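Shown next, in structure tokens, is the structure this report addresses.
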Amino acid sequence: MDQHSGVVLAGGLSSRMGRDKSQLEWNGESLLQHSYKVLAASYCHYIYVSNNRGEGIQDRYLECGPLGGIDATLSQMSNQGWLTVLPVDMPLIDTYQLKQLQTFASETGKACYFKNHFLPCVLPVNETVKDYLKQQLENQGDFRVKGLLSFVHAVEIEPVETISLMNTNTPEEWESAIQVRQEYKKENQYVRS
């Protein structure tokens with residue numbers, strides 16, 4: 001298996017949520033802690049946290065969305081292996097899904113993401129990607145994750161399931177995620193962690 005590192009993107013403004021998403025409680029721990037543990041249980045040997053409100057890697061280019069956090073993380077890394085990018089606001093994501101992406105990247109040598117979901121994704125760690133990000137961020141270019149994935153010719157793969165890819169940006173989406181978790185418990189199903 002190639003070298004894999006991971007980053008939890010937790011530097012967003014959380015404006016639609018109305019409070020810091022990384023500090024929301026999920027199964028007795030903060031969402032940031034939960035996301036970190038999910039990455040730690042995958043093939044990642046080292047995990048970074050991109051967070052502009054405290055400890056972690058600070059964005060070099062502010063208010064640029066996920067690309068700002070990806071850029072800041074890659075700037076700390078040597079040019080080898082892969083970076084698994086996980087936003088903090090995906091509480092239902094599991095290690096199995098991340099390993100699916102990581103295995104695909106290692107076996108094919110291609111960046112990847114799940115169909116209809118640009119995050120999480122696995123990106124190559126190299127100077128070409130770093131230069132692309134710098135150019136986009138310095139010149140007010142394309143700040144979309146989709147643009148980055150297109151640039152690296154990322155492959156879209158089918159997820160085993162889609163419910164775990166649920167994103168929680170608003171209080172309503174957060175409540176929906178809690179409800180999904182409770183439904184799994186009621187049905188005596190195990191949500192992989």
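Residue numbering restarts at 1 in every chain; chains get A, B, ... in the order shown in the structure tokens, and ligands count up from 1 in that same order.
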Considering only C-alpha atoms, return as an MDAnalysis selection string whatever protein or nucleic-acid residues lie within 7 Å of range 23-37 of chain A, sequence-local ones (same chain, fewer than 4 positions apart) excluded.
chainID A and resid 8 41 88 91
Restrict the selected residues to C-alpha atoms and save them as a PDB file, in the first residue's frame.
ATOM      1  CA  VAL A   8      -9.806  16.759   8.387  1.00  0.00           C
ATOM      2  CA  ALA A  41      -8.589   3.783  11.401  1.00  0.00           C
ATOM      3  CA  VAL A  88     -15.525  17.551   9.331  1.00  0.00           C
ATOM      4  CA  PRO A  91     -20.618  12.377  10.673  1.00  0.00           C
TER       5      PRO A  91
END
As number ranges by chain, please: every residue in range 14-105 of chain A that DSSP puts in alpha helix (DSSP H).
A: 31-40, 66-74, 95-105
Compare A:Gln100, A:Ser176, A:Gln3, A:Ser14 by their minimum atom-to-atom distance to Glu63 in chain A, counting only C-alpha atoms, and give me the closest one.
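Closest to Glu63 in chain A, using only C-alpha atoms: A:Ser14.
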Closest pair table for range 75-193 of chain A residues within 10 Å of range 64-71 of chain A, only C-alpha atoms, as CSV:
residue,atom,partner,partner_atom,distance
A:Ser75,CA,A:Asp71,CA,6.1
A:Gln76,CA,A:Asp71,CA,8.9
A:Leu83,CA,A:Ile70,CA,8.9
A:Thr84,CA,A:Ile70,CA,9.8
A:Val85,CA,A:Ile70,CA,7.5
A:Leu86,CA,A:Pro66,CA,9.8
A:Pro87,CA,A:Pro66,CA,8.1
A:Leu119,CA,A:Pro66,CA,9.5
A:Leu123,CA,A:Ile70,CA,9.6
A:Val129,CA,A:Asp71,CA,8.8
A:Lys130,CA,A:Asp71,CA,6.7
A:Asp131,CA,A:Asp71,CA,9.3
A:Tyr132,CA,A:Asp71,CA,9.4
A:Leu133,CA,A:Asp71,CA,6.1
A:Lys134,CA,A:Asp71,CA,7.3
A:Gln136,CA,A:Leu67,CA,9.0
A:Leu137,CA,A:Cys64,CA,7.2
A:Gln140,CA,A:Cys64,CA,8.8
A:Asp142,CA,A:Leu67,CA,9.3
A:Phe143,CA,A:Leu67,CA,6.2
A:Arg144,CA,A:Leu67,CA,7.2
A:Val145,CA,A:Leu67,CA,6.6
A:Gly147,CA,A:Leu67,CA,9.9
A:Leu148,CA,A:Leu67,CA,8.2
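Here CA of Pro124 in chain A and CA of Gly81 in chain A stand 6.2 Å from one another.
Note that CA of Val122 in chain A and CA of Glu161 in chain A are 17.8 Å apart.
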